[in-house]
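As structure tokens, the structure follows; a few thoughts come after it.
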Protein chains: 2
Amino acid sequence: MPLEAIEPRRLYRQIADQLRHLIDQGEYAVGSRLPAERVLADRLGVSRPTVREALIALEVEGRLKIRVGSGIYVVEQQPAAVVPGSAAIEGPLELLRARAFVESAVAEEAAVRARSEDIERLDEILLEVEHQHSGDGLIALDRRFHAAIAAILDNAVLVRFVGQLFDLRINPYFEQLARHIENASTWKETHLEHVVIRDAIAARDPLAARTAMRNHLRQAHGRFSRDFGEPPLAAAETDFRPVRARVVA
Amino acid sequence: MPLEAIEPRRLYRQIADQLRHLIDQGEYAVGSRLPAERVLADRLGVSRPTVREALIALEVEGRLKIRVGSGIYVVEQQPAAVVPGSAAIEGPLELLRARAFVESAVAEEAAVRARSEDIERLDEILLEVEHQHSGDGLIALDRRFHAAIAAILDNAVLVRFVGQLFDLRINPYFEQLARHIENASTWKETHLEHVVIRDAIAARDPLAARTAMRNHLRQAHGRFSRDFGEPPLAAAETDFRPVRARVVA
DNA sequence: ACTTGTCAAATGGTCTGACCAACTGACCGC
DNA sequence: GCGGTCAGTTGGTCAGACCATTTGACAAGT
């Protein structure tokens with residue numbers, strides 16, 4: 001054994017990790033305000049100085065913006081830091097195909113690993129959706145739903161990854177389309193598809209979860225491509241892995 | 001003039017700037033110990049919490065190392081310092097697990113879709129590796145290999161993200177470990193694992209490709225965790241999807 | 001001479017409670 | 001409506017205290 005040097009994990013780091021996780025997961029959406037320092041300290045069971053230290057760490061990392069007298073805000077994560085330049089090169093359809101590929105695999109694995117708390121979290125989000133009717137809030141909840149599924153795999157990198165894929169929709173190209181397409185009716189469809197995904201995961205049925213997620217993003221693909229130049233969708237385009245290939249072994 | 005909003009410069013930032021300046025200037029040499037928090041607070045005429053906030057900011061920036069009960073030490077500045085915040089959070093091991101998950105799925109699909117030109121491209125890269133012996137060049141080729149596999153799926157978003165995941169290794173945390181671990185021998189291992197992946201894809205064998213890729217990144221995980229704090233690897237940690245789950249209809 | 005155990009000082013980690021300054025939003029008078 | 005006022009909320013800072021860990025000196029044992 002390499003004789004590892006153990007280091008006491010200081011409180012402020014644990015708090016920072018926890019908050020970072022919540023942000024990645026979409027619990028605190030970009031632009032939203034975090035609870036006040038005093039509230040956080042109370043809820044986390046630590047003192048305010050400790051919370052402040054954690055917040056300052058996150059501020060230095062560039063994930064939070066602290067405004068005196070006003071509050072603490074989640075800052076839009078700069079993917080530009082990692083990818084200088086190109087963000088909106090690919091079309092929305094290509095993005096949706098990539099999400100279908102990654103997230104269907106994620107959903108499949110989530111169905112294997114899901115604990116009951118995880119299902120509860122999904123239910124909370126879906127419940128919020130039903131009490132919400134403005135478009136903006138729905139997008140944030142949509143993101144939270146997808147991030148929460150990724151969170152089941154218990155890997156912060158993956159959660160961020162899925163979140164980033166979602167956030168790529170935030171570009172002029174995509175937004176303009178969305179305005180044409182998103183309405184009460186399509187949000188209703190989206191919600192129903194989410195419920196199907198949730199049920200498959202809750203039933204611990206990996207294959208159903210994969211199919212439901214792929215179907216969900218394929219539907220979104222269809223909704224977009226209808227009003228878009230591209231031809232609707234050849235099955236081979238969204239089905240990265242044909243089902244028959246799965247029967248092997 | 002565009003009427004910029006003025007921001008109150010908080011004390012902890014002023015203190016941090018001042019300390020950073022002193023370090024840059026060589027007043028506090030690399031490896032040396034700073035005065036105790038209480039002393040700093042006294043000399044700077046501020047309270048200890050404020051000094052602590054500044055120190056934590058500098059610690060997050062990677063310029064200081066705080067050791068409990070011992071003191072505050074100046075850390076060697078990594079010239080790279082690429083990503084100001086977002087990237088260096090998760091540990092290298094978590095990153096490798098995420099890559100194992102995503103890229104094994106990618107490899108599986110690549111084996112289904114690969115055309116002969118794609119295989120040729122992989123071969124070109126592997127050939128270059130054999131004519132190369134410096135470490136830096138090998139990292140670049142490693143990246144090209146993984147990106148080339150993603151490219152087989154013919155989706156620019158996926159290629160970018162696989163590349164991005166790879167690039168997350170560029171952070172001080174990871175680099176320092178890599179220096180200890182990467183040598184001619186480990187590069188040889190890496191190369192052989194790459195060849196196995198290439199062969200599986202060339203044979204159009206999805207399951208073998210998935211396994212080979214997962215094995216490759218699991219080996220890397222093992223190489224890192226040996227010299228790292230974490231316990232080596234429980235199979236469940238890297239095997240996101242247990243093989244038995246695949247035998248289902 | 002070398003190791004081991006002990007202990008006190010130094011140092012960072014955290015908490016409590018307090019006060020100040022900036023912001024926000026409701027209310028009021030015009 | 002419009003602008004001013006004011007109280008509540010929120011972050012910024014401070015003071016002082018106690019705890020846990022580290023460190024090094026020193027005594028005791030081998």
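In the structure tokens, chains take letters A, B, ... by order of appearance, with residues numbered from 1 within each chain and ligands from 1 in the order shown.
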
Given only C-alpha atoms (C1' of nucleotides), how would the per-residue table for chain A near chain C read, listing every residue at most 10 Å away with its closest atom pair and distance in Å to one decimal, sorted by chain and number, as CSV?
residue,atom,partner,partner_atom,distance
A:Arg10,CA,C:DG13,C1',7.6
A:Leu11,CA,C:DG13,C1',8.3
A:Tyr12,CA,C:DG13,C1',9.6
A:Val46,CA,C:DC15,C1',8.4
A:Ser47,CA,C:DC15,C1',6.2
A:Arg48,CA,C:DC15,C1',8.8
A:Pro49,CA,C:DT14,C1',8.3
A:Thr50,CA,C:DT14,C1',7.4
A:Arg67,CA,C:DC23,C1',9.0
A:Val68,CA,C:DA22,C1',6.2
A:Gly69,CA,C:DC23,C1',4.5
A:Ser70,CA,C:DC23,C1',5.4
A:Gly71,CA,C:DC23,C1',9.1

Selected residues written out with C-alpha atoms, as a short mmCIF file (atom, residue, chain, number, x, y, z; two decimals), in the first residue's frame:
data_model
loop_
_atom_site.label_atom_id
_atom_site.label_comp_id
_atom_site.auth_asym_id
_atom_site.auth_seq_id
_atom_site.Cartn_x
_atom_site.Cartn_y
_atom_site.Cartn_z
CA ARG A 10 -12.23 20.85 5.93
CA LEU A 11 -15.80 21.82 6.38
CA TYR A 12 -15.80 24.63 3.88
CA VAL A 46 -22.69 24.97 10.25
CA SER A 47 -21.81 28.51 11.16
CA ARG A 48 -22.06 31.44 8.84
CA PRO A 49 -18.30 31.98 8.54
CA THR A 50 -17.95 28.43 7.24
CA ARG A 67 -23.80 40.79 -4.80
CA VAL A 68 -23.66 42.76 -1.63
CA GLY A 69 -27.02 43.45 -0.07
CA SER A 70 -28.79 41.48 -2.74
CA GLY A 71 -27.85 37.84 -2.66
#

Compute the set of chain D residues within 7 Å of chain B, using only C-alpha atoms (C1' of nucleotides), and express it as a list in words. DC14, DT21 and DT22 of chain D

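Here CA of Ile139 in chain B and CA of Asn155 in chain B stand 23.2 Å from one another.
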
Spatial neighbours of Ile197 in chain A, max dist 8 Å, only C-alpha atoms (C1' of nucleotides), sep filter under 6 positions, as a list in words: Ala208, Ala209, Ala212 and Met213 of chain A

Write a file of the selected residues as a PDB file, in the first residue's frame, keeping N, CA and C atoms.
ATOM      1  N   ALA A 208     -36.262  -0.551 -20.831  1.00  0.00           N
ATOM      2  CA  ALA A 208     -37.377   0.379 -20.992  1.00  0.00           C
ATOM      3  C   ALA A 208     -36.912   1.812 -20.785  1.00  0.00           C
ATOM      4  N   ALA A 209     -36.022   2.011 -19.837  1.00  0.00           N
ATOM      5  CA  ALA A 209     -35.523   3.361 -19.578  1.00  0.00           C
ATOM      6  C   ALA A 209     -34.763   3.885 -20.786  1.00  0.00           C
ATOM      7  N   ALA A 212     -37.252   4.651 -23.479  1.00  0.00           N
ATOM      8  CA  ALA A 212     -38.068   5.823 -23.189  1.00  0.00           C
ATOM      9  C   ALA A 212     -37.281   7.108 -23.412  1.00  0.00           C
ATOM     10  N   MET A 213     -36.020   7.085 -22.968  1.00  0.00           N
ATOM     11  CA  MET A 213     -35.205   8.285 -23.139  1.00  0.00           C
ATOM     12  C   MET A 213     -34.926   8.536 -24.609  1.00  0.00           C
TER      13      MET A 213
END

So which residues of range 20-194 of chain A fall under alpha helix (DSSP H) by DSSP, listed as a CSV table (one decimal) with C-alpha atoms, in the first residue's frame?
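Wrote result.csv, looks like this:
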chain,number,residue,atom,x,y,z
A,20,ARG,CA,-21.4,22.6,-6.5
A,21,HIS,CA,-23.2,19.3,-6.8
A,22,LEU,CA,-26.6,21.0,-6.4
A,23,ILE,CA,-25.8,23.5,-9.0
A,24,ASP,CA,-24.5,20.9,-11.5
A,37,GLU,CA,-26.0,32.9,4.0
A,38,ARG,CA,-27.8,32.7,7.3
A,39,VAL,CA,-30.4,30.3,5.9
A,40,LEU,CA,-27.7,28.1,4.3
A,41,ALA,CA,-25.8,28.0,7.6
A,42,ASP,CA,-28.9,27.0,9.4
A,43,ARG,CA,-29.9,24.3,7.0
A,44,LEU,CA,-26.4,22.9,6.6
A,48,ARG,CA,-22.1,31.4,8.8
A,49,PRO,CA,-18.3,32.0,8.5
A,50,THR,CA,-17.9,28.4,7.2
A,51,VAL,CA,-20.7,29.0,4.7
A,52,ARG,CA,-19.0,32.2,3.6
A,53,GLU,CA,-15.7,30.4,3.1
A,54,ALA,CA,-17.4,27.8,0.9
A,55,LEU,CA,-19.2,30.6,-1.1
A,56,ILE,CA,-16.0,32.5,-1.6
A,57,ALA,CA,-14.3,29.3,-2.9
A,58,LEU,CA,-17.1,28.9,-5.4
A,59,GLU,CA,-16.9,32.6,-6.3
A,60,VAL,CA,-13.2,32.2,-7.0
A,61,GLU,CA,-14.0,29.2,-9.1
A,92,PRO,CA,-30.0,21.7,-33.0
A,93,LEU,CA,-30.7,18.3,-34.6
A,94,GLU,CA,-27.1,17.1,-34.3
A,95,LEU,CA,-27.2,18.2,-30.7
A,96,LEU,CA,-30.4,16.2,-30.1
A,97,ARG,CA,-28.8,13.1,-31.7
A,98,ALA,CA,-25.8,13.4,-29.4
A,99,ARG,CA,-28.1,13.7,-26.4
A,100,ALA,CA,-30.1,10.7,-27.5
A,101,PHE,CA,-27.0,8.7,-27.7
A,102,VAL,CA,-25.5,9.7,-24.3
A,103,GLU,CA,-28.6,10.1,-22.3
A,104,SER,CA,-30.2,6.8,-23.4
A,105,ALA,CA,-27.1,5.1,-22.1
A,106,VAL,CA,-27.3,7.2,-18.9
A,107,ALA,CA,-31.0,6.3,-18.4
A,108,GLU,CA,-30.3,2.7,-18.9
A,109,GLU,CA,-27.6,2.7,-16.2
A,110,ALA,CA,-29.8,4.9,-13.9
A,111,ALA,CA,-32.5,2.3,-14.0
A,112,VAL,CA,-29.9,-0.2,-12.7
A,113,ARG,CA,-28.6,2.0,-9.9
A,116,SER,CA,-35.7,5.2,-3.8
A,117,GLU,CA,-34.4,8.7,-2.9
A,118,ASP,CA,-33.5,9.2,-6.5
A,119,ILE,CA,-37.0,8.4,-7.7
A,120,GLU,CA,-38.4,10.8,-5.1
A,121,ARG,CA,-36.2,13.5,-6.5
A,122,LEU,CA,-37.5,12.9,-10.0
A,123,ASP,CA,-41.0,12.9,-8.6
A,124,GLU,CA,-40.5,16.3,-6.9
A,125,ILE,CA,-39.4,17.8,-10.2
A,126,LEU,CA,-42.3,16.3,-12.1
A,127,LEU,CA,-44.6,17.6,-9.5
A,128,GLU,CA,-43.2,21.1,-9.8
A,129,VAL,CA,-43.8,21.0,-13.5
A,130,GLU,CA,-47.5,20.4,-12.9
A,135,GLY,CA,-42.2,28.6,-20.3
A,136,ASP,CA,-39.0,29.8,-18.6
A,137,GLY,CA,-39.6,27.8,-15.5
A,138,LEU,CA,-40.4,24.7,-17.6
A,139,ILE,CA,-37.0,24.9,-19.3
A,140,ALA,CA,-35.2,25.0,-16.0
A,141,LEU,CA,-37.3,22.1,-14.7
A,142,ASP,CA,-36.6,20.2,-17.9
A,143,ARG,CA,-32.9,20.6,-17.3
A,144,ARG,CA,-33.2,19.6,-13.7
A,145,PHE,CA,-35.0,16.4,-14.7
A,146,HIS,CA,-32.3,15.3,-17.1
A,147,ALA,CA,-29.5,16.3,-14.7
A,148,ALA,CA,-31.2,14.4,-11.9
A,149,ILE,CA,-31.2,11.3,-13.9
A,150,ALA,CA,-27.5,11.7,-14.6
A,151,ALA,CA,-27.0,12.3,-10.9
A,156,ALA,CA,-20.1,14.7,-11.0
A,157,VAL,CA,-18.3,14.7,-14.4
A,158,LEU,CA,-21.2,13.0,-16.1
A,159,VAL,CA,-23.7,15.3,-14.5
A,160,ARG,CA,-21.8,18.3,-15.7
A,161,PHE,CA,-21.5,16.8,-19.1
A,162,VAL,CA,-25.2,16.1,-19.5
A,163,GLY,CA,-25.9,19.6,-18.2
A,164,GLN,CA,-23.6,21.1,-20.7
A,165,LEU,CA,-25.2,19.3,-23.5
A,166,PHE,CA,-28.5,20.6,-22.4
A,167,ASP,CA,-27.2,24.1,-22.2
A,172,PRO,CA,-29.5,32.0,-31.0
A,173,TYR,CA,-29.9,29.3,-33.6
A,174,PHE,CA,-31.7,27.1,-31.2
A,175,GLU,CA,-33.6,29.7,-29.4
A,176,GLN,CA,-35.3,31.1,-32.4
A,177,LEU,CA,-36.6,27.7,-33.4
A,178,ALA,CA,-37.7,27.0,-29.9
A,179,ARG,CA,-39.9,30.1,-29.9
A,180,HIS,CA,-41.8,28.7,-32.8
A,181,ILE,CA,-42.1,25.2,-31.5
A,184,ALA,CA,-48.4,24.5,-24.1
A,185,SER,CA,-49.1,21.5,-26.2
A,186,THR,CA,-45.5,20.5,-26.8
A,187,TRP,CA,-44.7,21.0,-23.1
A,188,LYS,CA,-47.5,18.7,-22.3
A,189,GLU,CA,-46.0,16.1,-24.6
A,190,THR,CA,-42.6,16.6,-23.1
A,191,HIS,CA,-44.0,16.1,-19.7
A,192,LEU,CA,-45.7,12.9,-20.6
A,193,GLU,CA,-42.5,11.5,-22.1
A,194,HIS,CA,-40.7,12.5,-18.9
